[in-house]
file query_14.pdb (PDB, C-alpha atoms and all ligand atoms)
ATOM      1  CA  MET A   1       9.618  15.311 -12.734  1.00  0.00           C
ATOM      2  CA  PRO A   2      12.209  12.657 -13.585  1.00  0.00           C
ATOM      3  CA  GLU A   3      12.353  11.072 -16.995  1.00  0.00           C
ATOM      4  CA  VAL A   4      10.673   7.653 -16.928  1.00  0.00           C
ATOM      5  CA  VAL A   5      11.620   4.857 -19.319  1.00  0.00           C
ATOM      6  CA  LEU A   6       9.839   1.505 -19.247  1.00  0.00           C
ATOM      7  CA  HIS A   7      11.741  -1.657 -20.037  1.00  0.00           C
ATOM      8  CA  ARG A   8      11.746  -5.319 -19.056  1.00  0.00           C
ATOM      9  CA  ILE A   9      14.246  -6.894 -16.702  1.00  0.00           C
ATOM     10  CA  ASP A  10      13.989 -10.681 -16.363  1.00  0.00           C
ATOM     11  CA  GLY A  11      10.562 -10.434 -18.015  1.00  0.00           C
ATOM     12  CA  ARG A  12       9.222  -7.940 -15.450  1.00  0.00           C
ATOM     13  CA  LEU A  13       8.010  -4.473 -16.465  1.00  0.00           C
ATOM     14  CA  THR A  14      10.388  -2.015 -14.819  1.00  0.00           C
ATOM     15  CA  ALA A  15      10.375   1.778 -14.698  1.00  0.00           C
ATOM     16  CA  ARG A  16      13.757   3.496 -14.858  1.00  0.00           C
ATOM     17  CA  LEU A  17      13.503   6.897 -13.155  1.00  0.00           C
ATOM     18  CA  MET A  18      16.193   9.385 -14.167  1.00  0.00           C
ATOM     19  CA  ALA A  19      16.864  12.853 -12.728  1.00  0.00           C
ATOM     20  CA  SER A  20      19.982  14.953 -12.104  1.00  0.00           C
ATOM     21  CA  GLY A  21      22.337  12.270 -13.382  1.00  0.00           C
ATOM     22  CA  ARG A  22      20.859   9.656 -11.068  1.00  0.00           C
ATOM     23  CA  SER A  23      18.702   6.692 -11.990  1.00  0.00           C
ATOM     24  CA  MET A  24      16.855   3.896 -10.241  1.00  0.00           C
ATOM     25  CA  ASP A  25      14.696   0.986 -11.356  1.00  0.00           C
ATOM     26  CA  ILE A  26      11.357   0.201  -9.729  1.00  0.00           C
ATOM     27  CA  CYS A  27       9.043  -2.726 -10.393  1.00  0.00           C
ATOM     28  CA  ALA A  28       6.324  -4.618  -8.545  1.00  0.00           C
ATOM     29  CA  GLN A  29       7.504  -7.798  -6.831  1.00  0.00           C
ATOM     30  CA  PRO A  30       5.513 -10.696  -5.429  1.00  0.00           C
ATOM     31  CA  PRO A  31       5.440 -10.667  -1.613  1.00  0.00           C
ATOM     32  CA  ALA A  32       8.499 -12.281  -0.042  1.00  0.00           C
ATOM     33  CA  ILE A  33       6.535 -14.523   2.301  1.00  0.00           C
ATOM     34  CA  ASP A  34       6.023 -18.225   2.877  1.00  0.00           C
ATOM     35  CA  CYS A  35       2.514 -18.896   1.552  1.00  0.00           C
ATOM     36  CA  ARG A  36       2.311 -22.547   2.538  1.00  0.00           C
ATOM     37  CA  PRO A  37      -0.689 -23.354   4.754  1.00  0.00           C
ATOM     38  CA  HIS A  38      -0.064 -22.675   8.473  1.00  0.00           C
ATOM     39  CA  SER A  39       3.175 -20.769   7.792  1.00  0.00           C
ATOM     40  CA  ARG A  40       4.167 -18.190  10.428  1.00  0.00           C
ATOM     41  CA  ASP A  41       4.029 -15.453   7.781  1.00  0.00           C
ATOM     42  CA  LEU A  42       0.292 -16.060   7.409  1.00  0.00           C
ATOM     43  CA  SER A  43      -0.456 -16.156  11.128  1.00  0.00           C
ATOM     44  CA  ARG A  44      -3.265 -13.885  12.297  1.00  0.00           C
ATOM     45  CA  LYS A  45      -0.813 -12.849  15.014  1.00  0.00           C
ATOM     46  CA  GLN A  46       1.147 -10.840  12.431  1.00  0.00           C
ATOM     47  CA  PRO A  47       0.885  -7.109  13.301  1.00  0.00           C
ATOM     48  CA  LEU A  48      -0.986  -6.227  10.087  1.00  0.00           C
ATOM     49  CA  ALA A  49      -3.500  -9.066  10.591  1.00  0.00           C
ATOM     50  CA  LYS A  50      -4.021  -8.022  14.221  1.00  0.00           C
ATOM     51  CA  ALA A  51      -4.692  -4.443  13.115  1.00  0.00           C
ATOM     52  CA  LEU A  52      -7.177  -5.494  10.417  1.00  0.00           C
ATOM     53  CA  GLY A  53      -9.003  -7.765  12.863  1.00  0.00           C
ATOM     54  CA  ALA A  54     -11.954 -10.025  12.152  1.00  0.00           C
ATOM     55  CA  ALA A  55     -12.817  -8.781   8.682  1.00  0.00           C
ATOM     56  CA  ASP A  56     -13.675 -10.235   5.319  1.00  0.00           C
ATOM     57  CA  SER A  57     -13.245  -7.333   2.906  1.00  0.00           C
ATOM     58  CA  ILE A  58     -10.570  -4.632   2.811  1.00  0.00           C
ATOM     59  CA  ILE A  59     -10.140  -1.540   0.685  1.00  0.00           C
ATOM     60  CA  ASP A  60      -6.472  -0.645   0.382  1.00  0.00           C
ATOM     61  CA  ALA A  61      -6.838   3.056  -0.471  1.00  0.00           C
ATOM     62  CA  THR A  62      -3.115   3.579  -1.142  1.00  0.00           C
ATOM     63  CA  ALA A  63      -1.918   0.496  -3.017  1.00  0.00           C
ATOM     64  CA  GLY A  64       1.511   1.762  -4.154  1.00  0.00           C
ATOM     65  CA  LEU A  65       3.394  -1.285  -5.434  1.00  0.00           C
ATOM     66  CA  ALA A  66       0.782  -3.467  -3.698  1.00  0.00           C
ATOM     67  CA  GLN A  67       3.053  -5.221  -1.214  1.00  0.00           C
ATOM     68  CA  ASP A  68       0.537  -4.773   1.599  1.00  0.00           C
ATOM     69  CA  ALA A  69      -2.453  -5.514  -0.675  1.00  0.00           C
ATOM     70  CA  MET A  70      -0.901  -8.795  -1.833  1.00  0.00           C
ATOM     71  CA  PHE A  71      -0.003  -9.726   1.727  1.00  0.00           C
ATOM     72  CA  MET A  72      -3.609  -9.068   2.817  1.00  0.00           C
ATOM     73  CA  ALA A  73      -4.883 -11.273  -0.018  1.00  0.00           C
ATOM     74  CA  CYS A  74      -2.510 -14.034   1.120  1.00  0.00           C
ATOM     75  CA  LEU A  75      -3.843 -13.646   4.681  1.00  0.00           C
ATOM     76  CA  GLY A  76      -7.286 -14.494   3.296  1.00  0.00           C
ATOM     77  CA  TYR A  77      -8.970 -11.072   3.006  1.00  0.00           C
ATOM     78  CA  ARG A  78     -10.786  -9.933  -0.164  1.00  0.00           C
ATOM     79  CA  VAL A  79      -8.906  -6.813  -1.210  1.00  0.00           C
ATOM     80  CA  THR A  80      -9.921  -3.935  -3.458  1.00  0.00           C
ATOM     81  CA  ALA A  81      -6.861  -1.762  -4.044  1.00  0.00           C
ATOM     82  CA  PHE A  82      -6.883   1.843  -5.278  1.00  0.00           C
ATOM     83  CA  GLU A  83      -3.791   3.610  -6.610  1.00  0.00           C
ATOM     84  CA  ARG A  84      -3.741   7.002  -8.288  1.00  0.00           C
ATOM     85  CA  SER A  85      -0.309   6.855  -9.942  1.00  0.00           C
ATOM     86  CA  PRO A  86      -0.830   5.477 -13.471  1.00  0.00           C
ATOM     87  CA  LEU A  87       2.816   4.387 -13.535  1.00  0.00           C
ATOM     88  CA  LEU A  88       2.559   2.288 -10.366  1.00  0.00           C
ATOM     89  CA  VAL A  89      -0.735   0.785 -11.556  1.00  0.00           C
ATOM     90  CA  GLN A  90       0.954  -0.247 -14.805  1.00  0.00           C
ATOM     91  CA  LEU A  91       3.777  -1.950 -12.885  1.00  0.00           C
ATOM     92  CA  VAL A  92       1.408  -3.780 -10.526  1.00  0.00           C
ATOM     93  CA  ARG A  93      -0.917  -4.842 -13.387  1.00  0.00           C
ATOM     94  CA  ASP A  94       2.052  -6.354 -15.186  1.00  0.00           C
ATOM     95  CA  LEU A  95       2.905  -8.383 -12.089  1.00  0.00           C
ATOM     96  CA  LEU A  96      -0.716  -9.495 -11.569  1.00  0.00           C
ATOM     97  CA  ASP A  97      -1.010 -10.513 -15.233  1.00  0.00           C
ATOM     98  CA  ASN A  98       2.158 -12.591 -15.044  1.00  0.00           C
ATOM     99  CA  LEU A  99       1.982 -14.256 -11.631  1.00  0.00           C
ATOM    100  CA  ASP A 100       4.214 -17.294 -11.437  1.00  0.00           C
ATOM    101  CA  PRO A 101       1.925 -20.339 -11.006  1.00  0.00           C
ATOM    102  CA  ALA A 102       4.771 -22.084  -9.155  1.00  0.00           C
ATOM    103  CA  ASN A 103       4.628 -19.440  -6.401  1.00  0.00           C
ATOM    104  CA  ALA A 104       2.253 -20.562  -3.633  1.00  0.00           C
ATOM    105  CA  CYS A 105       1.023 -16.955  -3.130  1.00  0.00           C
ATOM    106  CA  SER A 106      -0.131 -16.532  -6.739  1.00  0.00           C
ATOM    107  CA  GLU A 107      -3.491 -18.260  -6.428  1.00  0.00           C
ATOM    108  CA  ALA A 108      -4.539 -16.262  -3.357  1.00  0.00           C
ATOM    109  CA  ILE A 109      -3.543 -13.013  -5.059  1.00  0.00           C
ATOM    110  CA  ARG A 110      -5.340 -13.920  -8.293  1.00  0.00           C
ATOM    111  CA  GLN A 111      -8.537 -14.870  -6.460  1.00  0.00           C
ATOM    112  CA  ARG A 112      -8.702 -12.098  -3.873  1.00  0.00           C
ATOM    113  CA  LEU A 113      -7.012  -8.938  -5.164  1.00  0.00           C
ATOM    114  CA  ALA A 114      -8.638  -6.420  -7.531  1.00  0.00           C
ATOM    115  CA  LEU A 115      -6.763  -3.256  -8.528  1.00  0.00           C
ATOM    116  CA  THR A 116      -8.390  -0.015  -9.717  1.00  0.00           C
ATOM    117  CA  GLN A 117      -6.623   3.109 -10.909  1.00  0.00           C
ATOM    118  CA  GLY A 118      -7.943   6.342  -9.428  1.00  0.00           C
ATOM    119  CA  ASP A 119      -8.006   8.702  -6.484  1.00  0.00           C
ATOM    120  CA  ALA A 120      -9.436   6.973  -3.420  1.00  0.00           C
ATOM    121  CA  ILE A 121     -10.897  10.267  -2.150  1.00  0.00           C
ATOM    122  CA  GLN A 122     -13.228  10.171  -5.149  1.00  0.00           C
ATOM    123  CA  LEU A 123     -13.637   6.384  -5.358  1.00  0.00           C
ATOM    124  CA  LEU A 124     -14.400   5.606  -1.689  1.00  0.00           C
ATOM    125  CA  PRO A 125     -17.828   7.321  -1.517  1.00  0.00           C
ATOM    126  CA  ARG A 126     -18.921   5.451  -4.656  1.00  0.00           C
ATOM    127  CA  CYS A 127     -17.649   1.917  -4.061  1.00  0.00           C
ATOM    128  CA  GLU A 128     -19.176  -1.068  -2.280  1.00  0.00           C
ATOM    129  CA  GLN A 129     -18.574  -0.854   1.477  1.00  0.00           C
ATOM    130  CA  ALA A 130     -15.718  -2.916   2.914  1.00  0.00           C
ATOM    131  CA  ASP A 131     -15.189  -3.919   6.540  1.00  0.00           C
ATOM    132  CA  VAL A 132     -11.842  -2.138   6.732  1.00  0.00           C
ATOM    133  CA  VAL A 133     -10.265   0.734   4.834  1.00  0.00           C
ATOM    134  CA  TYR A 134      -6.469   0.591   4.986  1.00  0.00           C
ATOM    135  CA  VAL A 135      -4.465   3.804   4.491  1.00  0.00           C
ATOM    136  CA  ASP A 136      -0.690   3.944   4.015  1.00  0.00           C
ATOM    137  CA  PRO A 137       0.289   7.392   2.698  1.00  0.00           C
ATOM    138  CA  MET A 138       3.931   8.294   2.031  1.00  0.00           C
ATOM    139  CA  PHE A 139       5.651   8.655   5.402  1.00  0.00           C
ATOM    140  CA  PRO A 140       6.173  12.315   6.409  1.00  0.00           C
ATOM    141  CA  PRO A 141       9.799  13.477   6.596  1.00  0.00           C
ATOM    142  CA  LYS A 142      11.395  13.303  10.047  1.00  0.00           C
ATOM    143  CA  ARG A 143      10.946  16.662  11.763  1.00  0.00           C
ATOM    144  CA  ARG A 144      14.575  17.130  12.780  1.00  0.00           C
ATOM    145  CA  GLU A 145      16.089  15.454   9.734  1.00  0.00           C
ATOM    146  CA  SER A 146      19.236  17.429   8.975  1.00  0.00           C
ATOM    147  CA  ALA A 147      20.044  15.874   5.608  1.00  0.00           C
ATOM    148  CA  LEU A 148      17.617  15.580   2.731  1.00  0.00           C
ATOM    149  CA  PRO A 149      15.829  12.210   2.515  1.00  0.00           C
ATOM    150  CA  ARG A 150      17.652   9.419   0.660  1.00  0.00           C
ATOM    151  CA  LYS A 151      18.059  10.145  -3.051  1.00  0.00           C
ATOM    152  CA  ASP A 152      15.988   7.148  -4.177  1.00  0.00           C
ATOM    153  CA  ILE A 153      13.116   8.179  -1.885  1.00  0.00           C
ATOM    154  CA  GLN A 154      13.314  11.666  -3.372  1.00  0.00           C
ATOM    155  CA  LEU A 155      13.078  10.137  -6.842  1.00  0.00           C
ATOM    156  CA  ILE A 156       9.979   8.092  -5.955  1.00  0.00           C
ATOM    157  CA  ARG A 157       8.362  11.105  -4.284  1.00  0.00           C
ATOM    158  CA  SER A 158       8.954  13.138  -7.423  1.00  0.00           C
ATOM    159  CA  VAL A 159       6.833  10.585  -9.312  1.00  0.00           C
ATOM    160  CA  VAL A 160       4.003   9.841  -6.852  1.00  0.00           C
ATOM    161  CA  GLY A 161       4.081  13.023  -4.719  1.00  0.00           C
ATOM    162  CA  ASP A 162       4.050  13.569  -0.939  1.00  0.00           C
ATOM    163  CA  ASP A 163       0.414  12.596  -0.308  1.00  0.00           C
ATOM    164  CA  ALA A 164      -0.225  16.027   1.214  1.00  0.00           C
ATOM    165  CA  ASP A 165      -3.984  15.300   1.080  1.00  0.00           C
ATOM    166  CA  SER A 166      -3.756  12.258   3.381  1.00  0.00           C
ATOM    167  CA  ARG A 167      -5.995  13.830   6.073  1.00  0.00           C
ATOM    168  CA  GLU A 168      -8.725  14.305   3.486  1.00  0.00           C
ATOM    169  CA  LEU A 169      -8.195  10.686   2.459  1.00  0.00           C
ATOM    170  CA  PHE A 170      -8.527   9.624   6.093  1.00  0.00           C
ATOM    171  CA  GLN A 171     -11.919  11.368   6.370  1.00  0.00           C
ATOM    172  CA  ALA A 172     -13.143   9.630   3.207  1.00  0.00           C
ATOM    173  CA  ALA A 173     -11.870   6.313   4.614  1.00  0.00           C
ATOM    174  CA  LEU A 174     -13.670   6.840   7.926  1.00  0.00           C
ATOM    175  CA  GLU A 175     -16.956   7.576   6.170  1.00  0.00           C
ATOM    176  CA  ALA A 176     -16.607   4.551   3.873  1.00  0.00           C
ATOM    177  CA  ALA A 177     -15.413   1.850   6.298  1.00  0.00           C
ATOM    178  CA  GLY A 178     -17.873  -0.649   7.737  1.00  0.00           C
ATOM    179  CA  LYS A 179     -15.930  -1.528  10.888  1.00  0.00           C
ATOM    180  CA  ARG A 180     -12.567   0.227  11.099  1.00  0.00           C
ATOM    181  CA  VAL A 181      -9.843   2.272   9.459  1.00  0.00           C
ATOM    182  CA  VAL A 182      -6.217   1.184   9.811  1.00  0.00           C
ATOM    183  CA  VAL A 183      -3.440   3.723   9.173  1.00  0.00           C
ATOM    184  CA  LYS A 184       0.204   2.676   8.786  1.00  0.00           C
ATOM    185  CA  ARG A 185       2.595   5.184  10.383  1.00  0.00           C
ATOM    186  CA  PRO A 186       6.299   5.392  11.218  1.00  0.00           C
ATOM    187  CA  HIS A 187       7.032   5.479  14.963  1.00  0.00           C
ATOM    188  CA  TYR A 188       8.332   9.050  14.748  1.00  0.00           C
ATOM    189  CA  ALA A 189       5.117  10.507  13.271  1.00  0.00           C
ATOM    190  CA  PRO A 190       2.008  11.493  15.233  1.00  0.00           C
ATOM    191  CA  PRO A 191      -1.315   9.869  14.295  1.00  0.00           C
ATOM    192  CA  LEU A 192      -2.810  11.066  11.023  1.00  0.00           C
ATOM    193  CA  ALA A 193      -5.972  12.063  12.934  1.00  0.00           C
ATOM    194  CA  ALA A 194      -7.269  12.148  16.503  1.00  0.00           C
ATOM    195  CA  GLY A 195      -9.369   9.261  17.804  1.00  0.00           C
ATOM    196  CA  VAL A 196      -6.972   6.293  17.619  1.00  0.00           C
ATOM    197  CA  HIS A 197      -8.646   3.411  19.481  1.00  0.00           C
ATOM    198  CA  HIS A 198      -5.452   1.355  19.758  1.00  0.00           C
ATOM    199  CA  SER A 199      -2.160   0.838  17.947  1.00  0.00           C
ATOM    200  CA  ILE A 200      -0.386  -2.353  16.943  1.00  0.00           C
ATOM    201  CA  LYS A 201       3.359  -1.845  16.979  1.00  0.00           C
ATOM    202  CA  SER A 202       6.053  -3.679  15.070  1.00  0.00           C
ATOM    203  CA  LYS A 203       9.792  -3.049  15.031  1.00  0.00           C
ATOM    204  CA  LEU A 204       9.786  -0.396  12.305  1.00  0.00           C
ATOM    205  CA  LEU A 205       6.265   1.020  12.323  1.00  0.00           C
ATOM    206  CA  ARG A 206       2.821   0.934  13.851  1.00  0.00           C
ATOM    207  CA  TYR A 207      -0.769   0.508  12.732  1.00  0.00           C
ATOM    208  CA  ASP A 208      -3.241   3.013  14.225  1.00  0.00           C
ATOM    209  CA  VAL A 209      -6.728   1.533  14.461  1.00  0.00           C
ATOM    210  CA  TYR A 210      -9.873   3.720  14.383  1.00  0.00           C
ATOM    211  CA  LEU A 211     -13.142   1.955  15.197  1.00  0.00           C
ATOM    212  CA  LYS A 212     -16.527   2.966  13.770  1.00  0.00           C
TER     213      LYS A 212
HETATM  214  C1  LIG B   1       3.611   4.562   0.831  1.00  0.00           C
HETATM  215  S1  LIG B   1       2.856   4.181  -0.687  1.00  0.00           S
HETATM  216  C2  LIG B   1       1.899   2.735  -0.321  1.00  0.00           C
HETATM  217  C3  LIG B   1       2.720   1.482  -0.274  1.00  0.00           C
HETATM  218  C4  LIG B   1       1.864   0.247  -0.245  1.00  0.00           C
HETATM  219  N1  LIG B   1       1.158   0.110   1.017  1.00  0.00           N
HETATM  220  C5  LIG B   1       2.658  -1.002  -0.531  1.00  0.00           C
HETATM  221  O1  LIG B   1       2.629  -1.932   0.297  1.00  0.00           O
HETATM  222  O2  LIG B   1       3.312  -1.089  -1.596  1.00  0.00           O
HETATM  223  C6  LIG B   1       1.601   5.369  -0.845  1.00  0.00           C
HETATM  224  C7  LIG B   1       0.849   5.278  -2.157  1.00  0.00           C
HETATM  225  O3  LIG B   1      -0.460   5.776  -1.965  1.00  0.00           O
HETATM  226  C8  LIG B   1      -0.862   6.414  -3.132  1.00  0.00           C
HETATM  227  N2  LIG B   1      -1.947   7.340  -2.762  1.00  0.00           N
HETATM  228  C9  LIG B   1      -1.885   8.341  -1.859  1.00  0.00           C
HETATM  229  N3  LIG B   1      -3.056   8.966  -1.754  1.00  0.00           N
HETATM  230  C10 LIG B   1      -3.898   8.346  -2.618  1.00  0.00           C
HETATM  231  C11 LIG B   1      -5.261   8.530  -2.970  1.00  0.00           C
HETATM  232  N4  LIG B   1      -5.989   9.535  -2.447  1.00  0.00           N
HETATM  233  N5  LIG B   1      -5.806   7.696  -3.880  1.00  0.00           N
HETATM  234  C12 LIG B   1      -5.078   6.696  -4.432  1.00  0.00           C
HETATM  235  N6  LIG B   1      -3.777   6.481  -4.156  1.00  0.00           N
HETATM  236  C13 LIG B   1      -3.188   7.289  -3.256  1.00  0.00           C
HETATM  237  C14 LIG B   1       0.387   7.097  -3.643  1.00  0.00           C
HETATM  238  O4  LIG B   1       0.292   7.365  -5.035  1.00  0.00           O
HETATM  239  C15 LIG B   1       1.460   6.068  -3.307  1.00  0.00           C
HETATM  240  O5  LIG B   1       1.693   5.219  -4.390  1.00  0.00           O
END
call {"tool": "encode", "arguments": {"input": "query_14.pdb", "output": "structure tokens", "more": "lines below"}}
Ligand SMILES: C[S@@+](CC[C@H](N)C(=O)[O-])C[C@H]1O[C@@H](n2cnc3c(N)ncnc32)[C@H](O)[C@@H]1O
result
Amino acid sequence: MPEVVLHRIDGRLTARLMASGRSMDICAQPPAIDCRPHSRDLSRKQPLAKALGAADSIIDATAGLAQDAMFMACLGYRVTAFERSPLLVQLVRDLLDNLDPANACSEAIRQRLALTQGDAIQLLPRCEQADVVYVDPMFPPKRRESALPRKDIQLIRSVVGDDADSRELFQAALEAAGKRVVVKRPHYAPPLAAGVHHSIKSKLLRYDVYLK
């Protein structure tokens, strides 16, 4: 486990992770999108919006630093986000508590995003049903990767883990979802589970859609 020191940089709560003489800072950032009405970033033709489909409520079971959850809130969905790492929850809460009112995305995020700390495998069977459960576990390492993954990714993994229980999470998501489960995957990785109905591909990744 790396040493973790919390400090503020430009007013934002930041975690400095230190291990083996290496350090990196992580913090939650507002989404880098144009939130003005009718902007292309908010088009329902965006790959994530296409994958989520005609839905009102989303559970983001793997919130991380909440980039996807905030984006979904800006797209107009009501989002309940679960994250089990207390450190990441602390960083995201600090961002949510200090949203810049001058940023056009802030109001949508404030109105539509709720964050809960905990393990989604336990929380999903107990929470109010949502139309879609969204799952984005840590990407698996590339099978034929000769070198170790980048040092900063190693550092983050040493804090949040490898999400080795993501298949169990998928089953909980499938049982809890009202309409569909959407799983974010890198192109090189096989689906998390059999039964993909269709996939929406973007340049760097794809969304596997499972219908109920
Ligand atoms: C790849 S990150 C998600 C990134 C996120 N989609 C974003 O946009 O910032 C995966 C996260 O899921 C969390 N996670 C994995 N399994 C979980 C579970 N069963 N319950 C809650 N959080 C989980 C991990 O702690 C990690 O922070």
call {"tool": "closest_residue", "arguments": {"input": "query_14.pdb", "among": "A:Gly53, A:Gly64, A:Pro190, A:Pro31", "to": "ligand LIG 1 (chain B)", "atoms": "only C-alpha atoms and all ligand atoms"}}
result
A:Gly64
call {"tool": "residues_near_ligand", "arguments": {"input": "query_14.pdb", "ligand": "ligand LIG 1 (chain B)", "cutoff": "10 Å", "atoms": "only C-alpha atoms and all ligand atoms", "output": "number ranges by chain"}}
result
A: 28-29, 31, 60-72, 81-89, 92, 116-124, 134-140, 156-157, 159-170, 172-173, 184-185
call {"tool": "residues_around", "arguments": {"input": "query_14.pdb", "residues": "region 5-8 of chain A", "least_positions_apart": "3", "cutoff": "10 Å", "atoms": "all atoms listed in the file", "output": "PyMOL selection string"}}
result
chain A and resi 2+11-18+25-27+87+91
call {"tool": "atom_distance", "arguments": {"input": "query_14.pdb", "atom1": "CA of Ala51 (chain A)", "atom2": "CA of Ser199 (chain A)"}}
result
7.6 Å
call {"tool": "atom_distance", "arguments": {"input": "query_14.pdb", "atom1": "CA of Arg206 (chain A)", "atom2": "CA of Asp34 (chain A)"}}
result
22.3 Å
call {"tool": "closest_residue", "arguments": {"input": "query_14.pdb", "among": "A:Pro30, A:Pro101, A:Ile153, A:Cys74", "to": "Leu48 (chain A)", "atoms": "only C-alpha atoms"}}
result
A:Cys74
call {"tool": "atom_distance", "arguments": {"input": "query_14.pdb", "atom1": "CA of Ala73 (chain A)", "atom2": "CA of Arg110 (chain A)"}}
result
8.7 Å
call {"tool": "resolve_selection", "arguments": {"input": "query_14.pdb", "expression": "the PyMOL selection byres (((chain A and resi 75) around 12) and not hetatm)", "output": "NGL selection string"}}
result
:A and (31 or 33-50 or 52-58 or 68-74 or 76-79 or 105 or 108-109 or 112-113)
call {"tool": "write_last_selection", "arguments": {"input": "query_14.pdb", "atoms": "C-alpha atoms", "output": "PDB file, in the coordinates of the input"}}
result
ATOM      1  CA  PRO A  31       5.440 -10.667  -1.613  1.00  0.00           C
ATOM      2  CA  ILE A  33       6.535 -14.523   2.301  1.00  0.00           C
ATOM      3  CA  ASP A  34       6.023 -18.225   2.877  1.00  0.00           C
ATOM      4  CA  CYS A  35       2.514 -18.896   1.552  1.00  0.00           C
ATOM      5  CA  ARG A  36       2.311 -22.547   2.538  1.00  0.00           C
ATOM      6  CA  PRO A  37      -0.689 -23.354   4.754  1.00  0.00           C
ATOM      7  CA  HIS A  38      -0.064 -22.675   8.473  1.00  0.00           C
ATOM      8  CA  SER A  39       3.175 -20.769   7.792  1.00  0.00           C
ATOM      9  CA  ARG A  40       4.167 -18.190  10.428  1.00  0.00           C
ATOM     10  CA  ASP A  41       4.029 -15.453   7.781  1.00  0.00           C
ATOM     11  CA  LEU A  42       0.292 -16.060   7.409  1.00  0.00           C
ATOM     12  CA  SER A  43      -0.456 -16.156  11.128  1.00  0.00           C
ATOM     13  CA  ARG A  44      -3.265 -13.885  12.297  1.00  0.00           C
ATOM     14  CA  LYS A  45      -0.813 -12.849  15.014  1.00  0.00           C
ATOM     15  CA  GLN A  46       1.147 -10.840  12.431  1.00  0.00           C
ATOM     16  CA  PRO A  47       0.885  -7.109  13.301  1.00  0.00           C
ATOM     17  CA  LEU A  48      -0.986  -6.227  10.087  1.00  0.00           C
ATOM     18  CA  ALA A  49      -3.500  -9.066  10.591  1.00  0.00           C
ATOM     19  CA  LYS A  50      -4.021  -8.022  14.221  1.00  0.00           C
ATOM     20  CA  LEU A  52      -7.177  -5.494  10.417  1.00  0.00           C
ATOM     21  CA  GLY A  53      -9.003  -7.765  12.863  1.00  0.00           C
ATOM     22  CA  ALA A  54     -11.954 -10.025  12.152  1.00  0.00           C
ATOM     23  CA  ALA A  55     -12.817  -8.781   8.682  1.00  0.00           C
ATOM     24  CA  ASP A  56     -13.675 -10.235   5.319  1.00  0.00           C
ATOM     25  CA  SER A  57     -13.245  -7.333   2.906  1.00  0.00           C
ATOM     26  CA  ILE A  58     -10.570  -4.632   2.811  1.00  0.00           C
ATOM     27  CA  ASP A  68       0.537  -4.773   1.599  1.00  0.00           C
ATOM     28  CA  ALA A  69      -2.453  -5.514  -0.675  1.00  0.00           C
ATOM     29  CA  MET A  70      -0.901  -8.795  -1.833  1.00  0.00           C
ATOM     30  CA  PHE A  71      -0.003  -9.726   1.727  1.00  0.00           C
ATOM     31  CA  MET A  72      -3.609  -9.068   2.817  1.00  0.00           C
ATOM     32  CA  ALA A  73      -4.883 -11.273  -0.018  1.00  0.00           C
ATOM     33  CA  CYS A  74      -2.510 -14.034   1.120  1.00  0.00           C
ATOM     34  CA  GLY A  76      -7.286 -14.494   3.296  1.00  0.00           C
ATOM     35  CA  TYR A  77      -8.970 -11.072   3.006  1.00  0.00           C
ATOM     36  CA  ARG A  78     -10.786  -9.933  -0.164  1.00  0.00           C
ATOM     37  CA  VAL A  79      -8.906  -6.813  -1.210  1.00  0.00           C
ATOM     38  CA  CYS A 105       1.023 -16.955  -3.130  1.00  0.00           C
ATOM     39  CA  ALA A 108      -4.539 -16.262  -3.357  1.00  0.00           C
ATOM     40  CA  ILE A 109      -3.543 -13.013  -5.059  1.00  0.00           C
ATOM     41  CA  ARG A 112      -8.702 -12.098  -3.873  1.00  0.00           C
ATOM     42  CA  LEU A 113      -7.012  -8.938  -5.164  1.00  0.00           C
TER      43      LEU A 113
END
call {"tool": "resolve_selection", "arguments": {"input": "query_14.pdb", "expression": "the PyMOL selection byres (((chain A and resi 187) around 9) and not hetatm)", "output": "PyMOL selection string"}}
result
chain A and resi 185-186+188-190+201+203-206
call {"tool": "residues_near_point", "arguments": {"input": "query_14.pdb", "point": "(-18.5, 2.1, 5.0)", "cutoff": "10 Å", "atoms": "all atoms listed in the file", "output": "JSON, numbers by chain"}}
result
{"A": [124, 125, 127, 128, 129, 130, 131, 132, 133, 172, 173, 174, 175, 176, 177, 178, 179, 180, 181, 212]}
call {"tool": "closest_residue", "arguments": {"input": "query_14.pdb", "among": "A:Leu192, A:Glu107, A:Leu115, A:Tyr207", "to": "Asp94 (chain A)", "atoms": "only C-alpha atoms"}}
result
A:Leu115
call {"tool": "build_atoms", "arguments": {"input": "query_14.pdb", "residues": "region 198-204 of chain A", "atoms": "N, CA and C atoms", "output": "tab-separated table (two decimals), in the frame of the given file"}}
result
chain	number	residue	atom	x	y	z
A	198	HIS	N	-6.66	2.02	19.28
A	198	HIS	CA	-5.45	1.36	19.76
A	198	HIS	C	-4.46	1.25	18.62
A	199	SER	N	-3.20	0.97	18.97
A	199	SER	CA	-2.16	0.84	17.95
A	199	SER	C	-1.51	-0.52	18.08
A	200	ILE	N	-1.15	-1.11	16.95
A	200	ILE	CA	-0.39	-2.35	16.94
A	200	ILE	C	1.01	-1.99	16.46
A	201	LYS	N	2.01	-2.29	17.31
A	201	LYS	CA	3.36	-1.84	16.98
A	201	LYS	C	4.21	-3.00	16.46
A	202	SER	N	5.03	-2.72	15.46
A	202	SER	CA	6.05	-3.68	15.07
A	202	SER	C	7.39	-2.95	15.17
A	203	LYS	N	8.47	-3.63	14.81
A	203	LYS	CA	9.79	-3.05	15.03
A	203	LYS	C	9.94	-1.68	14.33
A	204	LEU	N	9.51	-1.59	13.10
A	204	LEU	CA	9.79	-0.40	12.30
A	204	LEU	C	8.63	0.59	12.23
